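Have a look at the structure below before the remarks.
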Amino acid sequence: MVTGLDVQKREVVLGGKSFGDAGAYEKIAGTIRFAADPAHPLHRQITDIGLAQKNAEGRVQFSADFYLLKPVAARKGNGRLLLDVANRGRKVALGMFNSTLRVPDPSTPADFGNGFLMRHGYTVAWVGWQPDVPRKDGLIALDVPRANGVTGFARCELRPNTRVDTLPLADRYHIPNQTVDVADPQARVTVREHAGAAAVGVPRSAWRFSDPGHIELKGGFTPGAIYDVIYRAADPQLVGLGFLAVRDTAAWLRWAPAASGNPCAGEIERAYLFGVSQSGRFLRQMLFLGLDEDEQGRMVFDALIPHVAGGRRGEFNLRFGQPSLNAQEAVGSLPPFNDEALFKRIRERGRVPRIFATNTSAEYWRGDGSLIHTDAEGSRDAEPAEFVRTYLFAGTQHTPGALPPPDADPNTGSRGYHRFNVSDYAPLLRSALVNLDRWVSEGVEPPPSAFPRIADGTAVEAESLAASFRTLPGARFPDRVTRPLRLDFGPDIERGIAQYPPNVGAPYRTYVSAVDADGNEVAGIRGPELAVPLATLTGWNPRHPEQGAQGDLMSMMGSTLPFALTRAERERSGDPRQSVAERYPSRTAYLERVREATRKLIAARHALAEDLEAIVECAGQRWDWIHASSVSASGTLIRTIPATLRDASTPGLPLI
């Protein structure tokens with residue numbers, strides 16, 4: 001439960017600017033404090049909670065960073081709380097729904113983008129849930145106790161994109177679990193040349209811990225290679241308390257009285273939980289554990305959107321867990337995957353939230369997306385639960401594409417063999433939130449699930465599409481398509497204690513969407529980018545040769561493989577796809593086709609009428625970019641993009 005909120009900042013945003021009928025907004029930032037009963041039946045699932053120090057009441061105390069945006073006049077809001085589970089300490093919801101850049105403290109008109117969440121009256125909250133996030137650059141984090149005196153093995157996966165001598169024992173910028181002994185003879189390192197390659201031991205003489213939180217390799221780490229470091233650590237943080245921080249923050253905002261310091265007292269009728277990628281996987285595990293129910297037995301969240309989570313979970317309740325880790329051969333890739341097993345606990349209590357599981361093509365191509373709607377053997381379709389809708393946003397990458405696409409992933413600096421996917425699926429996500437709210441509030445059934453199915457032949461194995469893409473000029477189909485493996489982390493894994501390395505079994509059988517004659521996906525929700533195409537848009541992109549492991553897929557990113565502009569150009573290159581000029585006699589004709597396709601999407605309730613003109617405008621920018629740049633499949637810019645087009649971008653930064 002929440003024991004208090006220490007407010008450090010409270011102010012009206014944008015000088016009191018009105019967001020439509022919802023009026024002005026205010027921001028509140030501070031530190032929120034918690035105390036959890038370790039003996040509560042739900043809480044006993046939190047790994048090592050019984051080993052944490054307790055206060056005089058026998059409760060475990062912890063605290064987190066807190067941030068809130070709410071209507072100044074509560075009566076003008078819609079009574080909905082959207083709690084955005086921070087992605088590695090970063091606020092995501094405004095970027096995804098308002099189509100703006102992510103910033104730690106939105107303060108300018110640009111930071112609020114198109115104002116969608118505000119215009120619709122949402123109260124938007126964030127709370128730190130991840131204890132390994134450093135407090136820098138406005139990131140929000142969680143402070144938790146440790147299980148002092150506990151030692152055991154930790155594992156870290158490292159995959160550099162450039163040759164470096166030293167790396168932290170953590171994912172990217174996160175705080176590592178430190179080794180107990182820099183000279184530990186039990187520590188070991190293995191390396192795989194590429195995904196799918198056998199792990200080879202690295203001699204102890206070739207590497208060392210340069211300090212308790214870093215490892216150094218003689219001659220440097222090979223770009224693209226995958227290194228596993230297994231070592232002893234001590235005093236693990238109780239990372240599983242992140243679930244209680246998220247749950248109890250929402251419960252407090254929803255039900256606590258004003259006397260407790262609740263800034264939303266009496267204002268919240270419904271609570272929705274949103275998570276993207278890593279934090280979407282967090283939602284899947286939270287539901288699996290049944291931790292959306294509070295100490296009073298109340299179902300806290302009416303609805304959840306685990307977005308681009310695929311079939312994975314994560315190290316969110318593991319001794320020495322790294323909540324940031326996205327490795328395939330990790331605890332996050334364990335079953336259950338589909339609704340029948342994943343939601344067993346919440347079904348048993350007889351009260352279930354509404355759930356929208358939304359994914360892009362990238363989650364299917366990384367090998368786990370289809371597991372949420374097939375049986376474990378991949379032999380048949382497994383229909384979503386009656387309280388779930390499952391949607392594939394066809395022809396998209398992990399986050400909305402940008403115009404022009406960046407040369408490298410802004411998160412990791414990694415480059416693709418092709419230009420990145422430019423499809424902007426944000427309008428589909430906005431419509432999904434409206435549909436979900438109507439389902440919860442009014443009982444209006446949302447559109448049916450849309451995903452690749454084995455039964456109708458729209459789900460195919462990725463390798464079967466090689467011939468479809470190898471005929472495209474300049475395109476490189478991936479050499480390897482990885483899939484989750486059957487993993488055994490030992491008998492104590494259900495208690496959150498892993499045995500390393502795991503025993504590894506056969507891969508799961510997984511699928512991607514079949515494609516049409518243009519190489520564009522046929523299953524799922526097809527936006528105007530596919531209904532009226534200018535390019536083949538994929539959820540995969542091979543790694544750039546300069547960054548090693550050629551033929552492996554980049555994490556998260558898709559490709560844009562433009563059509564030839566004219567028939568003559570198409571015939572010269574041997575491109576089997578019709579050229580732009582053969583499809584559309586003019587820019588005007590193209591945009592009219594886009595408008596017609598968008599109206600159909602609106603009628604199907606996969607887009608909002610308020611987004612019609614923005615979608616058409618974005619299509620015009622794609623037309624101009626394709627004609628100005630003549631981007632080849634391999635990413636070579638034949639003509640320069642004018643400055644006016646470089647500035648006309650739809651932001652969307654990759655995150656996992």
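Following the order of the structure tokens, first chain is A, next is B, and so on, with residues numbered from 1 inside each chain and ligands from 1 in the order they appear.
Counting only C-alpha atoms, A:Ala225 has the following residues at most 7 Å away, ignoring those fewer than 5 positions along the same chain: Arg159, Val191, Arg192, Glu193, His194 and Ala549 of chain A.
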Could you dump the residues just selected with C-alpha atoms as an mmCIF file, in the first residue's frame?
```cif
data_model
loop_
_atom_site.group_PDB
_atom_site.id
_atom_site.type_symbol
_atom_site.label_atom_id
_atom_site.label_comp_id
_atom_site.auth_asym_id
_atom_site.auth_seq_id
_atom_site.Cartn_x
_atom_site.Cartn_y
_atom_site.Cartn_z
ATOM 1 C CA ARG A 159 26.440 -7.827 -27.631
ATOM 2 C CA VAL A 191 30.854 -16.421 -26.876
ATOM 3 C CA ARG A 192 28.641 -17.148 -29.874
ATOM 4 C CA GLU A 193 29.795 -15.840 -33.243
ATOM 5 C CA HIS A 194 26.207 -15.128 -34.237
ATOM 6 C CA ALA A 549 27.246 -11.077 -37.357
#
```
- Go through stretch 112-267 of chain A and collect every residue that DSSP, computed from the backbone, puts in strand (DSSP E or B); the answer should be as a VMD selection string. chain A and resid 123 to 127 142 to 143 146 151 to 158 164 to 168 188 to 192 200 to 202 207 to 211 214 to 221 226 to 234 237
- For A:Lys76: contacts at 8 Å, only C-alpha atoms, fewer than 5 positions along chain excluded, given as a VMD selection string: chain A and resid 21 to 23 71 121
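Taking only C-alpha atoms into account, A:Glu329 lies nearest to A:Arg486 out of the set A:His373, A:Arg163, A:Arg102, A:Arg486.
The shortest atom-to-atom distance to A:Cys264, with only C-alpha atoms taken into account, belongs to A:Val72 out of A:Val180, A:Ala426, A:Val72, A:Ala309.
Between atom CA of A:Ala628 and atom CA of A:Pro404 lies a distance of 10.9 Å.
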- Query: Quick one, how far is atom CA of A:Ser468 from atom CA of A:Ala523?
  - Reply: 16.2 Å
Output as JSON lines one row per residue of stretch 535-599 of chain A within 8 Å of stretch 365-372 of chain A: the closest atom pair and its distance in Å to one decimal place, counting only C-alpha atoms, sorted by chain and residue number ascending.
```
{"residue": "A:Gly539", "atom": "CA", "partner": "A:Trp365", "partner_atom": "CA", "distance": 6.5}
{"residue": "A:Trp540", "atom": "CA", "partner": "A:Trp365", "partner_atom": "CA", "distance": 6.2}
{"residue": "A:Leu553", "atom": "CA", "partner": "A:Arg366", "partner_atom": "CA", "distance": 7.8}
{"residue": "A:Ser555", "atom": "CA", "partner": "A:Arg366", "partner_atom": "CA", "distance": 7.4}
{"residue": "A:Met556", "atom": "CA", "partner": "A:Arg366", "partner_atom": "CA", "distance": 7.9}
```
So which residues of stretch 161-287 of chain A fall under helix (DSSP H, G or I) by DSSP, listed as a tab-separated table (two decimals) with N, CA, C and O atoms, in the first residue's frame?
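File written: result22.tsv
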```
chain	number	residue	atom	x	y	z
A	204	ARG	N	40.00	-18.12	-19.23
A	204	ARG	CA	40.03	-17.16	-18.13
A	204	ARG	C	41.19	-16.19	-18.27
A	204	ARG	O	41.10	-15.03	-17.83
A	205	SER	N	42.25	-16.62	-18.93
A	205	SER	CA	43.41	-15.75	-19.11
A	205	SER	C	43.15	-14.63	-20.12
A	205	SER	O	43.90	-13.66	-20.19
A	206	ALA	N	42.05	-14.76	-20.93
A	206	ALA	CA	41.77	-13.77	-21.97
A	206	ALA	C	40.90	-12.63	-21.49
A	206	ALA	O	40.72	-11.65	-22.21
A	241	LEU	N	9.40	-6.20	-6.29
A	241	LEU	CA	8.58	-5.16	-5.66
A	241	LEU	C	8.11	-4.13	-6.68
A	241	LEU	O	7.20	-3.35	-6.40
A	242	GLY	N	8.70	-4.14	-7.88
A	242	GLY	CA	8.23	-3.25	-8.94
A	242	GLY	C	6.77	-3.49	-9.29
A	242	GLY	O	6.04	-2.55	-9.62
A	243	PHE	N	6.32	-4.75	-9.21
A	243	PHE	CA	4.90	-5.04	-9.48
A	243	PHE	C	4.00	-4.34	-8.47
A	243	PHE	O	2.95	-3.80	-8.81
A	244	LEU	N	4.41	-4.36	-7.19
A	244	LEU	CA	3.59	-3.75	-6.16
A	244	LEU	C	3.62	-2.23	-6.27
A	244	LEU	O	2.61	-1.57	-5.97
A	245	ALA	N	4.74	-1.67	-6.71
A	245	ALA	CA	4.81	-0.22	-6.89
A	245	ALA	C	3.81	0.24	-7.94
A	245	ALA	O	3.09	1.23	-7.75
A	246	VAL	N	3.74	-0.47	-9.06
A	246	VAL	CA	2.81	-0.11	-10.13
A	246	VAL	C	1.37	-0.31	-9.68
A	246	VAL	O	0.52	0.57	-9.83
A	247	ARG	N	1.09	-1.47	-9.12
A	247	ARG	CA	-0.28	-1.79	-8.68
A	247	ARG	C	-0.77	-0.81	-7.62
A	247	ARG	O	-1.88	-0.26	-7.70
A	248	ASP	N	0.05	-0.58	-6.60
A	248	ASP	CA	-0.40	0.22	-5.46
A	248	ASP	C	-0.49	1.70	-5.79
A	248	ASP	O	-1.31	2.42	-5.20
A	249	THR	N	0.34	2.17	-6.73
A	249	THR	CA	0.20	3.56	-7.17
A	249	THR	C	-1.17	3.78	-7.80
A	249	THR	O	-1.88	4.75	-7.49
A	250	ALA	N	-1.56	2.87	-8.70
A	250	ALA	CA	-2.87	3.01	-9.35
A	250	ALA	C	-4.01	2.87	-8.35
A	250	ALA	O	-5.00	3.62	-8.40
A	251	ALA	N	-3.90	1.91	-7.43
A	251	ALA	CA	-4.95	1.72	-6.43
A	251	ALA	C	-5.10	2.97	-5.56
A	251	ALA	O	-6.22	3.39	-5.24
A	252	TRP	N	-3.99	3.57	-5.18
A	252	TRP	CA	-4.02	4.77	-4.34
A	252	TRP	C	-4.66	5.95	-5.09
A	252	TRP	O	-5.53	6.65	-4.56
A	253	LEU	N	-4.23	6.16	-6.32
A	253	LEU	CA	-4.80	7.26	-7.10
A	253	LEU	C	-6.29	7.05	-7.33
A	253	LEU	O	-7.07	8.01	-7.39
A	254	ARG	N	-6.70	5.81	-7.43
A	254	ARG	CA	-8.09	5.50	-7.75
A	254	ARG	C	-9.00	5.59	-6.51
A	254	ARG	O	-10.14	6.09	-6.62
A	255	TRP	N	-8.52	5.14	-5.35
A	255	TRP	CA	-9.44	4.98	-4.22
A	255	TRP	C	-9.06	5.75	-2.94
A	255	TRP	O	-9.91	5.89	-2.06
A	258	ALA	N	-8.56	12.26	-0.14
A	258	ALA	CA	-7.71	13.45	-0.24
A	258	ALA	C	-6.84	13.61	1.00
A	258	ALA	O	-5.71	14.12	0.92
A	259	ALA	N	-7.33	13.15	2.15
A	259	ALA	CA	-6.57	13.29	3.39
A	259	ALA	C	-5.25	12.54	3.35
A	259	ALA	O	-4.33	12.87	4.10
A	260	SER	N	-5.13	11.56	2.47
A	260	SER	CA	-3.89	10.80	2.35
A	260	SER	C	-2.86	11.51	1.48
A	260	SER	O	-1.73	11.03	1.34
A	278	GLN	N	9.69	-3.79	-23.24
A	278	GLN	CA	10.11	-4.29	-21.94
A	278	GLN	C	8.98	-4.17	-20.92
A	278	GLN	O	8.67	-5.10	-20.18
A	279	SER	N	8.34	-3.00	-20.88
A	279	SER	CA	7.29	-2.81	-19.89
A	279	SER	C	6.00	-3.52	-20.31
A	279	SER	O	5.16	-3.84	-19.46
A	280	GLY	N	5.83	-3.83	-21.60
A	280	GLY	CA	4.73	-4.70	-22.02
A	280	GLY	C	4.95	-6.12	-21.54
A	280	GLY	O	4.00	-6.81	-21.14
A	281	ARG	N	6.21	-6.57	-21.57
A	281	ARG	CA	6.53	-7.89	-21.03
A	281	ARG	C	6.28	-7.92	-19.52
A	281	ARG	O	5.87	-8.93	-18.96
A	282	PHE	N	6.57	-6.81	-18.86
A	282	PHE	CA	6.27	-6.65	-17.43
A	282	PHE	C	4.78	-6.87	-17.17
A	282	PHE	O	4.39	-7.56	-16.21
A	283	LEU	N	3.92	-6.32	-18.02
A	283	LEU	CA	2.47	-6.51	-17.87
A	283	LEU	C	2.09	-7.98	-18.00
A	283	LEU	O	1.25	-8.48	-17.25
A	284	ARG	N	2.69	-8.68	-18.96
A	284	ARG	CA	2.38	-10.10	-19.14
A	284	ARG	C	2.74	-10.89	-17.88
A	284	ARG	O	1.98	-11.77	-17.45
A	285	GLN	N	3.87	-10.57	-17.27
A	285	GLN	CA	4.25	-11.31	-16.07
A	285	GLN	C	3.38	-10.92	-14.88
A	285	GLN	O	3.03	-11.75	-14.05
A	286	MET	N	3.00	-9.65	-14.80
A	286	MET	CA	2.13	-9.19	-13.73
A	286	MET	C	0.79	-9.94	-13.77
A	286	MET	O	0.27	-10.38	-12.74
A	287	LEU	N	0.25	-10.10	-14.97
A	287	LEU	CA	-1.01	-10.84	-15.12
A	287	LEU	C	-0.82	-12.32	-14.81
A	287	LEU	O	-1.68	-12.96	-14.20
```
- Query: If we count only C-alpha atoms, what is near A:Asn503 at a cut-off of 12 Å, once residues fewer than 3 positions away on the same chain are taken out, given as a ChimeraX atom specification?
  - Reply: /A:329-331,485-491,498-500,506
- Query: Can you list, as a ChimeraX atom specification, every protein, DNA or RNA residue that comes within 8 Å of A:Val422 when you count only C-alpha atoms, leaving out same-chain residues fewer than 6 positions away?
  - Reply: /A:400-405,537,559-560
